[in-house]
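Q: query.cif is the file, holding mmCIF, C-alpha atoms and all ligand atoms:
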data_input
loop_
_atom_site.label_atom_id
_atom_site.label_comp_id
_atom_site.auth_asym_id
_atom_site.auth_seq_id
_atom_site.Cartn_x
_atom_site.Cartn_y
_atom_site.Cartn_z
CA MET M 15 44.94 45.39 -64.09
CA ARG M 16 43.35 48.54 -65.50
CA SER M 17 39.96 49.32 -64.05
CA LEU M 18 37.81 52.36 -63.59
CA SER M 19 37.14 53.97 -60.25
CA LYS M 20 33.58 54.23 -58.98
CA PHE M 21 32.95 57.50 -60.80
CA SER M 22 34.29 58.31 -64.23
CA MET M 23 33.38 60.78 -66.92
CA GLY M 24 34.05 60.80 -70.61
CA VAL M 25 34.78 64.14 -72.19
CA GLY M 26 35.14 64.93 -75.85
CA ASP M 27 37.35 67.58 -77.33
CA ARG M 28 36.94 67.94 -81.05
CA PHE M 29 40.03 70.08 -81.65
CA GLY M 30 42.26 68.74 -78.90
CA MET M 31 42.93 72.13 -77.33
CA GLU M 32 40.97 71.94 -74.07
CA GLY M 33 42.46 68.93 -72.33
CA GLU M 34 44.01 70.97 -69.54
CA ALA M 35 40.88 73.02 -68.86
CA GLN M 36 38.87 69.79 -68.77
CA LEU M 37 41.31 68.09 -66.44
CA ARG M 38 41.37 71.07 -64.07
CA ALA M 39 37.66 70.49 -63.52
CA PHE M 40 38.45 66.90 -62.43
CA GLN M 41 41.14 68.30 -60.12
CA ALA M 42 38.65 70.70 -58.59
CA ALA M 43 36.21 67.83 -57.93
CA ARG M 44 39.08 65.87 -56.40
CA ASP M 45 39.96 68.83 -54.17
CA ARG M 46 36.39 68.69 -52.91
CA GLY M 47 36.76 65.02 -52.06
CA VAL M 48 35.25 63.30 -55.10
CA THR M 49 37.51 61.34 -57.40
CA VAL M 50 36.18 61.18 -60.93
CA THR M 51 38.40 59.42 -63.45
CA PRO M 52 38.80 61.39 -66.67
CA VAL M 53 38.32 59.59 -69.95
CA TRP M 54 38.90 61.31 -73.26
CA ASN M 55 36.59 59.81 -75.83
CA LYS M 56 36.39 60.24 -79.57
CA SER M 57 34.55 58.02 -81.99
CA ASN M 58 35.68 56.88 -85.39
CA ARG M 59 32.92 59.00 -86.92
CA GLU M 60 34.20 62.09 -85.16
CA HIS M 61 37.80 61.45 -86.21
CA SER M 62 36.77 61.07 -89.82
CA LEU M 63 34.61 64.22 -89.82
CA ILE M 64 37.39 66.38 -88.35
CA GLY M 65 40.45 64.70 -89.79
CA THR M 66 42.06 63.80 -86.46
CA ARG M 67 43.63 60.47 -85.50
CA PRO M 68 43.37 58.37 -82.33
CA GLU M 69 47.01 59.18 -81.48
CA ASP M 70 46.07 62.87 -81.32
CA VAL M 71 43.68 62.16 -78.43
CA ARG M 72 46.37 60.16 -76.62
CA ALA M 73 48.87 63.01 -77.09
CA GLU M 74 46.36 65.54 -75.77
CA ALA M 75 45.49 63.43 -72.72
CA ASP M 76 49.14 62.75 -71.86
CA LYS M 77 50.02 66.41 -72.24
CA ALA M 78 47.13 67.58 -70.07
CA VAL M 79 48.04 65.05 -67.38
CA GLU M 80 51.65 66.17 -67.41
CA ARG M 81 50.88 69.89 -67.35
CA CYS M 82 48.30 69.55 -64.57
CA ALA M 83 50.47 67.03 -62.67
CA TRP M 84 47.43 64.73 -62.41
CA GLN M 85 48.55 61.79 -60.29
CA ARG M 86 45.63 59.47 -60.81
CA ASP M 87 44.29 57.23 -63.52
CA TYR M 88 43.02 58.50 -66.85
CA PHE M 89 41.94 56.77 -70.02
CA VAL M 90 41.60 57.27 -73.75
CA ASP M 91 38.39 55.72 -75.09
CA ALA M 92 38.03 54.26 -78.57
CA ASP M 93 34.39 55.16 -78.67
CA HIS M 94 31.87 53.07 -80.62
CA ILE M 95 34.31 50.79 -82.39
CA GLY M 96 33.79 47.42 -84.05
CA LEU M 97 36.02 44.84 -85.79
CA GLY M 98 36.27 47.04 -88.88
CA THR M 99 37.44 50.14 -87.03
CA VAL M 100 39.27 49.02 -83.90
CA ASP M 101 42.75 48.50 -85.31
CA LYS M 102 43.78 52.13 -85.64
CA PHE M 103 42.81 52.69 -81.98
CA LEU M 104 44.79 49.80 -80.52
CA ALA M 105 48.06 51.63 -79.91
CA SER M 106 46.62 54.79 -78.39
CA SER M 107 43.55 53.63 -76.45
CA ASP M 108 43.21 51.83 -73.14
CA PHE M 109 39.41 51.97 -73.02
CA PHE M 110 37.34 50.36 -75.77
CA THR M 111 33.64 50.92 -76.31
CA ILE M 112 32.56 47.91 -78.31
CA ASP M 113 29.42 48.90 -80.17
CA VAL M 114 27.16 46.00 -81.01
CA ALA M 115 24.01 47.92 -81.90
CA ASP M 116 24.25 47.07 -85.60
CA ALA M 117 24.41 43.35 -84.80
CA ILE M 118 21.26 43.34 -82.66
CA GLY M 119 18.59 41.15 -84.24
CA LYS M 120 20.97 39.17 -86.44
CA PRO M 121 20.50 35.43 -85.89
CA ALA M 122 23.06 33.43 -83.92
CA ALA M 123 23.90 29.86 -84.90
CA ASP M 124 21.37 27.24 -83.74
CA GLU M 125 23.97 25.39 -81.67
CA ALA M 126 24.99 28.60 -79.92
CA ILE M 127 21.36 29.37 -79.07
CA ALA M 128 20.79 25.82 -77.78
CA ALA M 129 23.93 25.92 -75.60
CA TYR M 130 22.98 29.32 -74.21
CA ALA M 131 19.38 28.24 -73.49
CA ALA M 132 20.66 25.16 -71.65
CA ALA M 133 23.10 27.20 -69.56
CA MET M 134 20.38 29.69 -68.64
CA GLN M 135 17.92 27.07 -67.37
CA PRO M 136 18.70 27.86 -63.68
CA PHE M 137 17.62 31.46 -64.27
CA LEU M 138 14.13 30.79 -65.58
CA GLY M 139 11.23 31.81 -63.41
CA THR M 140 11.17 34.81 -61.10
CA LEU M 141 14.61 36.14 -60.25
CA PRO M 142 15.45 37.43 -56.78
CA ILE M 143 17.02 40.73 -57.85
CA PRO M 144 17.41 42.98 -54.80
CA GLY M 145 16.17 46.51 -55.28
CA ILE M 146 14.22 46.02 -58.48
CA ALA M 147 10.81 47.72 -58.74
CA CYS M 148 8.95 44.85 -60.45
CA PRO M 149 10.09 41.23 -60.18
CA VAL M 150 11.72 39.91 -63.35
CA THR M 151 10.11 36.70 -64.53
CA VAL M 152 11.64 34.87 -67.46
CA THR M 153 10.01 32.05 -69.39
CA THR M 154 11.57 29.66 -71.90
CA GLU M 155 9.90 31.63 -74.69
CA GLY M 156 11.09 34.95 -73.26
CA LEU M 157 14.64 33.68 -73.07
CA ALA M 158 14.43 32.42 -76.67
CA GLU M 159 13.34 35.90 -77.78
CA ILE M 160 16.22 37.54 -75.96
CA ALA M 161 18.67 35.06 -77.48
CA ALA M 162 17.26 35.68 -80.96
CA LYS M 163 17.69 39.40 -80.52
CA TYR M 164 21.00 39.69 -78.68
CA LEU M 165 23.07 36.51 -78.75
CA PHE M 166 24.73 37.19 -82.10
CA ALA M 167 25.49 40.78 -81.05
CA VAL M 168 27.18 39.64 -77.84
CA ALA M 169 29.14 37.02 -79.78
CA GLU M 170 30.30 39.84 -82.06
CA ALA M 171 31.38 41.82 -78.99
CA GLY M 172 33.31 38.70 -77.93
CA ARG M 173 35.15 38.64 -81.26
CA VAL M 174 36.10 42.31 -80.92
CA TYR M 175 37.10 41.83 -77.27
CA ARG M 176 39.37 38.86 -78.01
CA HIS M 177 40.94 40.79 -80.89
CA ILE M 178 41.80 43.62 -78.47
CA VAL M 179 43.08 41.15 -75.85
CA GLN M 180 45.36 39.60 -78.45
CA LYS M 181 46.96 42.96 -79.16
CA LYS M 182 46.94 44.60 -75.73
CA GLY M 183 46.90 41.69 -73.30
CA GLU M 184 44.12 40.81 -70.90
CA GLY M 185 43.53 43.27 -68.08
CA ASN M 186 45.40 46.11 -69.78
CA PHE M 187 42.31 48.03 -70.86
CA VAL M 188 38.79 48.93 -69.84
CA THR M 189 35.97 47.26 -71.74
CA GLU M 190 32.63 48.84 -72.42
CA VAL M 191 29.83 47.16 -74.35
CA SER M 192 27.38 49.62 -75.85
CA CYS M 193 23.94 48.88 -77.15
CA ASP M 194 22.59 52.42 -76.83
CA GLU M 195 22.48 53.33 -80.51
CA THR M 196 19.42 51.22 -81.25
CA THR M 197 15.70 51.92 -81.42
CA THR M 198 14.22 50.24 -78.34
CA PRO M 199 15.39 50.34 -74.71
CA GLN M 200 16.46 47.03 -73.21
CA THR M 201 14.21 45.61 -70.50
CA PRO M 202 15.80 44.55 -67.18
CA ALA M 203 15.53 40.92 -68.31
CA GLU M 204 17.27 41.71 -71.59
CA LEU M 205 20.07 43.57 -69.84
CA LEU M 206 20.52 40.67 -67.43
CA PHE M 207 20.76 38.05 -70.14
CA ILE M 208 23.02 40.23 -72.31
CA LEU M 209 25.41 40.34 -69.34
CA ALA M 210 25.07 36.57 -68.88
CA ALA M 211 25.96 36.07 -72.53
CA ALA M 212 28.90 38.47 -72.21
CA ALA M 213 30.20 36.51 -69.23
CA ARG M 214 29.93 33.29 -71.25
CA GLU M 215 31.93 34.95 -74.04
CA GLY M 216 34.63 35.71 -71.49
CA ILE M 217 34.25 39.48 -71.95
CA ALA M 218 35.51 41.32 -68.86
CA VAL M 219 32.76 43.96 -69.06
CA ASP M 220 33.61 47.01 -66.96
CA THR M 221 30.81 49.20 -68.23
CA ILE M 222 27.68 48.61 -70.24
CA ALA M 223 25.72 51.31 -72.03
CA PRO M 224 22.09 50.33 -72.43
CA LYS M 225 19.50 52.35 -74.25
CA PHE M 226 17.06 54.22 -72.06
CA SER M 227 13.64 55.47 -73.07
CA GLY M 228 13.30 59.09 -74.11
CA GLU M 229 15.48 61.15 -76.42
CA PHE M 230 19.18 61.74 -75.75
CA LEU M 231 19.73 64.46 -78.31
CA LYS M 232 23.13 66.07 -78.78
CA GLY M 233 23.93 68.97 -76.51
CA ILE M 234 20.42 69.61 -75.15
CA ASP M 235 18.47 68.34 -72.18
CA TYR M 236 16.64 65.02 -71.95
CA VAL M 237 13.31 64.79 -73.74
CA GLY M 238 11.07 62.20 -72.15
CA ASP M 239 9.30 60.95 -69.06
CA LEU M 240 11.51 61.62 -66.02
CA GLY M 241 9.60 59.17 -63.81
CA ARG M 242 10.04 56.41 -66.34
CA PHE M 243 13.73 57.17 -66.69
CA ALA M 244 14.11 57.06 -62.89
CA ARG M 245 12.57 53.57 -62.78
CA GLU M 246 14.64 52.29 -65.68
CA PHE M 247 17.85 53.67 -64.24
CA ALA M 248 17.25 52.21 -60.77
CA ASP M 249 16.25 48.86 -62.29
CA ASP M 250 19.38 48.79 -64.43
CA LEU M 251 21.54 49.45 -61.36
CA ALA M 252 19.83 46.56 -59.57
CA VAL M 253 20.28 44.24 -62.56
CA LEU M 254 23.97 45.09 -62.86
CA ALA M 255 24.66 44.38 -59.19
CA PHE M 256 22.85 41.05 -59.46
CA ALA M 257 24.51 40.08 -62.76
CA GLN M 258 27.97 40.96 -61.48
CA LYS M 259 27.68 38.51 -58.60
CA THR M 260 25.69 35.85 -60.40
CA PHE M 261 27.83 35.61 -63.52
CA GLY M 262 31.22 36.50 -62.05
CA LEU M 263 31.71 39.71 -64.01
CA PRO M 264 34.37 42.29 -62.97
CA ALA M 265 33.74 43.71 -59.50
CA GLY M 266 33.62 47.29 -60.74
CA LEU M 267 30.91 46.62 -63.35
CA LYS M 268 28.84 49.76 -63.77
CA LEU M 269 26.45 51.54 -66.08
CA SER M 270 27.69 53.88 -68.75
CA VAL M 271 25.28 56.61 -69.76
CA HIS M 272 25.87 57.91 -73.25
CA SER M 273 24.28 61.20 -72.54
CA GLY M 274 24.91 63.16 -75.72
CA SER M 275 25.77 65.82 -73.10
CA ASP M 276 23.77 68.15 -70.96
CA LYS M 277 21.06 65.87 -69.57
CA PHE M 278 20.68 68.29 -66.70
CA SER M 279 17.22 67.12 -65.68
CA LEU M 280 18.49 63.54 -65.26
CA TYR M 281 21.47 64.34 -63.04
CA PRO M 282 19.54 64.76 -59.76
CA ILE M 283 17.63 61.52 -60.47
CA MET M 284 20.83 59.64 -61.20
CA HIS M 285 22.58 61.14 -58.19
CA ARG M 286 19.82 59.99 -55.83
CA ALA M 287 19.76 56.47 -57.28
CA LEU M 288 23.55 56.17 -57.04
CA ALA M 289 23.58 57.45 -53.46
CA LYS M 290 20.86 55.01 -52.49
CA SER M 291 22.41 51.95 -54.15
CA GLY M 292 26.08 52.79 -53.66
CA ALA M 293 26.66 52.06 -57.34
CA GLY M 294 29.20 53.79 -59.53
CA ILE M 295 28.64 55.34 -62.95
CA HIS M 296 30.42 56.30 -66.13
CA LEU M 297 28.97 59.39 -67.74
CA LYS M 298 29.87 59.91 -71.36
CA THR M 299 29.38 63.36 -72.79
CA ALA M 300 29.58 64.45 -76.39
CA GLY M 301 31.69 67.17 -77.89
CA THR M 302 30.00 70.11 -76.19
CA THR M 303 33.45 71.43 -75.32
CA TRP M 304 33.30 72.65 -78.91
CA LEU M 305 30.24 74.74 -78.00
CA GLU M 306 32.13 76.20 -75.04
CA GLU M 307 34.81 77.24 -77.51
CA VAL M 308 32.25 79.03 -79.67
CA ILE M 309 30.72 80.62 -76.57
CA GLY M 310 34.16 81.77 -75.47
CA LEU M 311 34.90 83.23 -78.92
CA ALA M 312 31.52 84.97 -79.16
CA ALA M 313 31.87 86.38 -75.65
CA ALA M 314 35.27 87.80 -76.56
CA GLY M 315 33.72 90.00 -79.27
CA GLY M 316 35.88 91.23 -82.17
CA ASP M 317 37.30 88.48 -84.40
CA GLY M 318 35.88 85.80 -82.14
CA LEU M 319 32.32 87.06 -82.44
CA ALA M 320 32.76 87.64 -86.17
CA PHE M 321 33.91 84.03 -86.54
CA ALA M 322 30.93 82.73 -84.55
CA LYS M 323 28.52 84.70 -86.76
CA ALA M 324 30.16 83.61 -90.02
CA LEU M 325 30.10 80.01 -88.79
CA TYR M 326 26.36 80.18 -88.26
CA ARG M 327 25.73 81.76 -91.65
CA GLU M 328 27.72 79.02 -93.38
CA ALA M 329 26.02 76.31 -91.31
CA CYS M 330 22.59 77.51 -92.46
CA GLY M 331 23.73 77.24 -96.08
CA ARG M 332 25.08 73.71 -95.59
CA TYR M 333 22.40 72.37 -93.27
CA ASP M 334 21.66 69.07 -95.05
CA GLU M 335 25.30 68.06 -95.25
CA LEU M 336 25.99 68.94 -91.60
CA ALA M 337 22.84 67.31 -90.27
CA LYS M 338 23.20 64.06 -92.21
CA PRO M 339 25.44 62.13 -89.78
CA TYR M 340 23.30 63.28 -86.84
CA LEU M 341 19.72 62.94 -88.04
CA THR M 342 18.72 60.47 -85.32
CA VAL M 343 20.22 62.54 -82.49
CA ILE M 344 19.14 66.08 -83.31
CA ALA M 345 15.73 67.77 -83.49
CA ILE M 346 16.24 71.10 -85.21
CA ASP M 347 13.13 73.04 -86.20
CA ARG M 348 14.50 75.17 -89.00
CA GLN M 349 11.56 77.57 -88.69
CA ALA M 350 12.74 78.36 -85.17
CA LEU M 351 16.26 79.27 -86.27
CA PRO M 352 17.18 82.95 -86.42
CA ALA M 353 18.07 84.32 -89.86
CA PRO M 354 21.84 84.72 -90.38
CA ALA M 355 21.28 88.42 -91.04
CA ALA M 356 19.62 88.78 -87.64
CA VAL M 357 22.49 86.91 -85.97
CA ASP M 358 24.97 89.20 -87.72
CA ALA M 359 23.41 92.11 -85.82
CA TRP M 360 23.70 90.40 -82.42
CA THR M 361 25.94 91.64 -79.65
CA ALA M 362 28.31 89.22 -77.93
CA GLU M 363 25.82 88.91 -75.09
CA GLU M 364 22.95 88.14 -77.43
CA TYR M 365 24.93 85.43 -79.23
CA VAL M 366 26.05 83.81 -75.98
CA GLY M 367 22.52 84.04 -74.56
CA ALA M 368 21.10 82.11 -77.52
CA LEU M 369 23.84 79.47 -77.51
CA ALA M 370 24.72 78.76 -73.86
CA HIS M 371 22.70 75.97 -72.28
CA ASP M 372 20.86 78.05 -69.71
CA GLN M 373 17.20 77.12 -69.91
CA ALA M 374 16.29 80.03 -67.66
CA CYS M 375 17.67 82.52 -70.16
CA PRO M 376 14.88 83.87 -72.39
CA ARG M 377 17.30 84.14 -75.32
CA TYR M 378 18.30 80.44 -75.17
CA ASN M 379 17.37 78.73 -78.44
CA ILE M 380 17.73 74.93 -78.52
CA HIS M 381 17.53 74.90 -82.31
CA PHE M 382 20.32 77.43 -82.65
CA ARG M 383 22.39 75.47 -80.12
CA GLN M 384 21.98 72.18 -81.97
CA MET M 385 22.78 73.89 -85.25
CA VAL M 386 26.07 75.24 -83.93
CA HIS M 387 26.75 71.86 -82.30
CA ILE M 388 26.73 70.03 -85.63
CA SER M 389 28.74 72.70 -87.46
CA PHE M 390 32.14 71.84 -85.93
CA ARG M 391 33.21 70.49 -89.30
CA LEU M 392 33.16 74.02 -90.67
CA ALA M 393 35.68 75.08 -88.05
CA ALA M 394 37.76 72.00 -88.90
CA GLU M 395 37.79 73.15 -92.53
CA LYS M 396 39.23 76.52 -91.47
CA GLY M 397 42.21 74.67 -90.02
CA PRO M 398 44.90 77.00 -88.59
CA GLU M 399 42.61 80.05 -88.75
CA TYR M 400 40.31 78.46 -86.18
CA LEU M 401 43.12 77.12 -84.02
CA ASP M 402 44.77 80.57 -83.98
CA LEU M 403 41.52 82.10 -82.74
CA LEU M 404 41.36 79.49 -79.99
CA ARG M 405 44.92 80.37 -78.98
CA ALA M 406 44.24 84.10 -79.04
CA ASN M 407 41.26 83.68 -76.69
CA ARG M 408 42.69 81.03 -74.41
CA ALA M 409 41.78 82.31 -70.97
CA GLY M 410 38.15 83.11 -71.75
CA ILE M 411 37.52 79.80 -73.51
CA GLU M 412 39.20 77.73 -70.81
CA ALA M 413 37.06 79.37 -68.15
CA HIS M 414 33.93 78.32 -70.05
CA VAL M 415 35.18 74.75 -70.59
CA TYR M 416 36.14 74.36 -66.93
CA ASP M 417 32.94 75.88 -65.51
CA ASN M 418 30.75 73.83 -67.80
CA ILE M 419 32.24 70.48 -66.77
CA LEU M 420 32.59 71.26 -63.11
CA LYS M 421 29.47 73.22 -62.29
CA ARG M 422 26.92 71.89 -64.74
CA HIS M 423 27.89 68.21 -64.96
CA MET M 424 30.09 67.03 -62.10
CA ALA M 425 28.44 69.03 -59.32
CA PRO M 426 24.86 67.82 -59.83
CA LEU M 427 25.75 64.25 -60.80
CA PHE M 428 28.65 63.30 -58.56
CA LEU M 429 28.24 65.68 -55.65
CA GLY M 430 24.53 66.38 -55.69
CA ALA M 431 25.36 69.97 -54.81
CA ALA M 432 26.47 73.20 -56.35
CA PHE M 433 30.11 74.23 -56.41
ZN ZN M 501 26.81 56.07 -77.54
#
Just dump the structure as structure tokens.
Ligand SMILES: [Zn+2]
A:
Amino acid sequence: MRSLSKFSMGVGDRFGMEGEAQLRAFQAARDRGVTVTPVWNKSNREHSLIGTRPEDVRAEADKAVERCAWQRDYFVDADHIGLGTVDKFLASSDFFTIDVADAIGKPAADEAIAAYAAAMQPFLGTLPIPGIACPVTVTTEGLAEIAAKYLFAVAEAGRVYRHIVQKKGEGNFVTEVSCDETTTPQTPAELLFILAAAAREGIAVDTIAPKFSGEFLKGIDYVGDLGRFAREFADDLAVLAFAQKTFGLPAGLKLSVHSGSDKFSLYPIMHRALAKSGAGIHLKTAGTTWLEEVIGLAAAGGDGLAFAKALYREACGRYDELAKPYLTVIAIDRQALPAPAAVDAWTAEEYVGALAHDQACPRYNIHFRQMVHISFRLAAEKGPEYLDLLRANRAGIEAHVYDNILKRHMAPLFLGAAF
């Protein structure tokens, strides 16, 4: 039976070169007494933009595990898949993030809604959810609204889940259901009844990724109301614990936070809520390892810095094309971007200062950072030229990748302390 440990973290690696540096960060956390299960995640979108295949991620993970002699569990996540995309991930993945966001709001069959409403009768009224800030009260009408919005989507998740079970066998993979890529956050009641519906579908949900309020933009900190996030997060933890027991879901059921990376201001809030409740968490980060590669190249000076500058110049010229797949998850003010000619004159330190996610650094520019974040395709187009640069600057890049994961993500979230 494959299941996640209490703490797990998804890392992306666009070019498949940093698996060992990433895994060494997990080893360092382990050495300090905290086991965090590594998960290498890559979405179908990311594969198609870079030209990699799911088996490449599996090969990278296996190689890193072998080289680092990692003795514990690890997973390869088919991130944000559906029925149309899952097949090519079946052989290489043992973690499946079933994305149902596109199915939210589609109508379920009348009989399915009636059967669900009948089964949920015992849960109408005010629910005794321990630890929740405001009591959750559900009426017949409220339940009907939730069913209208989510029942079809959960049924779709059931279809995908059973398809995976057929190919991999029950219990041989981790199942995540994600509904984060939608417009409105789920209420505690919605999350509860989504989990009830998932249990009725027979989905062995290990992790669920709800949408939270606020903006989870790629590679930059959270934008939103921290107090509101703290309430939502604590409520979601309470709902999950209640749903797990009430509907007989897997014992390790936990929240998955699709962070888009670098939600530094949320980590202390999450850490406190986890410590208080005893709950586990899966943190999914985006491909900011790519940014650590650019930082490492820029810091190296010479060819590395020249590459980083040329990359930015090209990105400015191809902005619309690069931004298109990411429009809902970036907020780049083009007026606030430095001119490529100005960047060309930067020293290594100046480039790194603008790009590295250090909000205390006066040179840090969130627009510049997001711009470089979405320009990984340009490096993919360079093919061997880019990979050779990565090889030539191995030690410096790996130090950045390792430090970033360990000190900026794992330490505040899982340890609540600095390394
Ligand atoms: Zn997501």
Q: Name the residues, by chain letter and number, that sit within 12 Å of ligand ZN 501 (chain M) using only C-alpha atoms and all ligand atoms, and give them as a PyMOL selection string.
A: chain M and resi 24+55-59+91-95+111-115+190-196+222-226+230-232+270-275+296-300+343
Q: Using only C-alpha atoms, which residue out of M:Ala203, M:Ala370, M:Leu37, M:Ala158 lies closest to Asp276 of chain M?
A: M:Ala370
Q: Enter the distance from atom CA of Pro264 of chain M to atom CA of Arg46 of chain M, in Å, rounded to one decimal.
A: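 Result for atom CA of Pro264 of chain M versus atom CA of Arg46 of chain M: 28.3 Å, one decimal.
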Q: Using all atoms listed in the file, which protein or nucleic acid residues come within 12 Å of Ala83 of chain M? Drop anything in the same chain fewer than 5 positions from it, and give the result as a PyMOL selection string.
A: chain M and resi 34+37-38+41+75-78
Q: For Ala394 of chain M, please output as a JSON list (two decimals) with C-alpha atoms, in the coordinates of the input all residues within 8 Å (counting all atoms listed in the file; exclusion window: fewer than 2 positions along the same chain).
A:
[["chain", "number", "residue", "atom", "x", "y", "z"],
["M", 29, "PHE", "CA", 40.03, 70.08, -81.65],
["M", 64, "ILE", "CA", 37.39, 66.38, -88.35],
["M", 65, "GLY", "CA", 40.45, 64.70, -89.79],
["M", 390, "PHE", "CA", 32.14, 71.84, -85.93],
["M", 391, "ARG", "CA", 33.21, 70.49, -89.30],
["M", 392, "LEU", "CA", 33.16, 74.02, -90.67],
["M", 396, "LYS", "CA", 39.23, 76.52, -91.47],
["M", 397, "GLY", "CA", 42.21, 74.67, -90.02],
["M", 400, "TYR", "CA", 40.31, 78.46, -86.18]]
Q: Could you give me, as JSON, numbers by chain, the residues within 12 Å of segment 128-140 of chain M, counting only C-alpha atoms and dropping anything in the same chain fewer than 6 positions from it?
A: {"M": [122, 146, 148, 149, 150, 151, 152, 153, 154, 155, 156, 157, 158, 159, 160, 161, 162, 164, 165, 166, 168, 169, 203, 206, 207, 208, 209, 210, 211, 212, 213, 214, 215, 256, 257, 260, 261]}
Q: Kindly indicate which residue among M:Leu401, M:Ala287, M:Ile217, M:Gly301 lies nearest to Glu246 of chain M, using all atoms listed in the file for the distances.
A: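 Of M:Leu401, M:Ala287, M:Ile217, M:Gly301, the one nearest Glu246 of chain M, counting all atoms listed in the file, is M:Ala287.
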Q: Report, in Å with one decimal, the straight-line distance from atom CA of His371 of chain M to atom CA of Lys421 of chain M.
A: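 Answer for the atom CA of His371 of chain M to atom CA of Lys421 of chain M separation: 12.4 Å.
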Q: Tell me, in Å to one decimal, how far atom CA of Glu32 of chain M is from atom CA of Pro426 of chain M.
A: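 Computing the Euclidean distance for atom CA of Glu32 of chain M and atom CA of Pro426 of chain M yields 21.9 Å.
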Q: Using all atoms listed in the file, which of M:Tyr281, M:Val71, M:Gly315, M:Asp108 sits nearest Met31 of chain M?
A: M:Val71
Q: Of the residues M:Leu305, M:Ala147, M:Ala218, M:Ala43, which is the one nearest to Leu267 of chain M, using only C-alpha atoms?
A: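 Among the listed residues, the smallest separation from Leu267 of chain M belongs to M:Ala218.
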Q: Give me the residues near Gly145 of chain M as a ChimeraX atom specification, where near means some atom within 10 Å (using only C-alpha atoms) and where sequence neighbours in that chain fewer than 6 positions away do not count.
A: /M:248-253,255-256,291
Q: Restricting the output to C-alpha atoms, write the selected residues as a CSV table (one decimal), in the coordinates of the input.
A:
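Result file is selection24.csv:
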chain,number,residue,atom,x,y,z
M,248,ALA,CA,17.2,52.2,-60.8
M,249,ASP,CA,16.2,48.9,-62.3
M,250,ASP,CA,19.4,48.8,-64.4
M,251,LEU,CA,21.5,49.4,-61.4
M,252,ALA,CA,19.8,46.6,-59.6
M,253,VAL,CA,20.3,44.2,-62.6
M,255,ALA,CA,24.7,44.4,-59.2
M,256,PHE,CA,22.8,41.0,-59.5
M,291,SER,CA,22.4,52.0,-54.2
Q: Name the closest residue to Gly33 of chain M among the candidates M:Leu288, M:Ile411, M:Gly238, M:Gln349; distances are taken between atoms, counting only C-alpha atoms.
A: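 Looking only at the distances to Gly33 of chain M, the closest residue turns out to be M:Ile411.
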Q: Dig up all the protein and nucleic acid residues within 6 Å of (29.5, 54.0, -57.6) in the file frame, using only C-alpha atoms, and format them as a PyMOL selection string.
A: chain M and resi 20-21+292-295
Q: Take the residues just selected and output them with C-alpha atoms as a compact mmCIF listing (two decimals), in the frame of the given file.
A:
# COMPACT_ATOMS: atom_id res chain seq x y z
CA LYS M 20 33.58 54.23 -58.98
CA PHE M 21 32.95 57.50 -60.80
CA GLY M 292 26.08 52.79 -53.66
CA ALA M 293 26.66 52.06 -57.34
CA GLY M 294 29.20 53.79 -59.53
CA ILE M 295 28.64 55.34 -62.95
Q: Could I get segment 224-234 of chain M from the block written as a PDB file, in the first residue's frame, with N, CA and C atoms?
A:
ATOM      1  N   PRO M 224      -7.493  22.206  -2.228  1.00  0.00           N
ATOM      2  CA  PRO M 224      -8.573  23.161  -2.428  1.00  0.00           C
ATOM      3  C   PRO M 224      -8.019  24.481  -2.949  1.00  0.00           C
ATOM      4  N   LYS M 225      -8.908  25.358  -3.316  1.00  0.00           N
ATOM      5  CA  LYS M 225      -8.462  26.714  -3.631  1.00  0.00           C
ATOM      6  C   LYS M 225      -8.622  27.561  -2.376  1.00  0.00           C
ATOM      7  N   PHE M 226      -7.619  28.357  -2.103  1.00  0.00           N
ATOM      8  CA  PHE M 226      -7.676  29.308  -0.995  1.00  0.00           C
ATOM      9  C   PHE M 226      -7.924  30.701  -1.565  1.00  0.00           C
ATOM     10  N   SER M 227      -8.330  31.615  -0.689  1.00  0.00           N
ATOM     11  CA  SER M 227      -8.474  32.994  -1.162  1.00  0.00           C
ATOM     12  C   SER M 227      -7.095  33.614  -1.319  1.00  0.00           C
ATOM     13  N   GLY M 228      -7.033  34.717  -2.027  1.00  0.00           N
ATOM     14  CA  GLY M 228      -5.752  35.367  -2.289  1.00  0.00           C
ATOM     15  C   GLY M 228      -5.127  34.841  -3.567  1.00  0.00           C
ATOM     16  N   GLU M 229      -4.014  35.436  -3.940  1.00  0.00           N
ATOM     17  CA  GLU M 229      -3.349  35.073  -5.196  1.00  0.00           C
ATOM     18  C   GLU M 229      -2.136  34.201  -4.918  1.00  0.00           C
ATOM     19  N   PHE M 230      -2.057  33.073  -5.625  1.00  0.00           N
ATOM     20  CA  PHE M 230      -0.900  32.181  -5.537  1.00  0.00           C
ATOM     21  C   PHE M 230      -0.137  32.265  -6.859  1.00  0.00           C
ATOM     22  N   LEU M 231       0.525  33.394  -7.034  1.00  0.00           N
ATOM     23  CA  LEU M 231       1.215  33.625  -8.301  1.00  0.00           C
ATOM     24  C   LEU M 231       2.523  32.833  -8.343  1.00  0.00           C
ATOM     25  N   LYS M 232       3.003  32.585  -9.551  1.00  0.00           N
ATOM     26  CA  LYS M 232       4.174  31.727  -9.723  1.00  0.00           C
ATOM     27  C   LYS M 232       5.458  32.401  -9.229  1.00  0.00           C
ATOM     28  N   GLY M 233       6.097  31.751  -8.281  1.00  0.00           N
ATOM     29  CA  GLY M 233       7.453  32.147  -7.909  1.00  0.00           C
ATOM     30  C   GLY M 233       7.573  33.364  -7.013  1.00  0.00           C
ATOM     31  N   ILE M 234       6.456  33.972  -6.637  1.00  0.00           N
ATOM     32  CA  ILE M 234       6.517  35.133  -5.736  1.00  0.00           C
ATOM     33  C   ILE M 234       5.622  34.886  -4.521  1.00  0.00           C
TER      34      ILE M 234
END
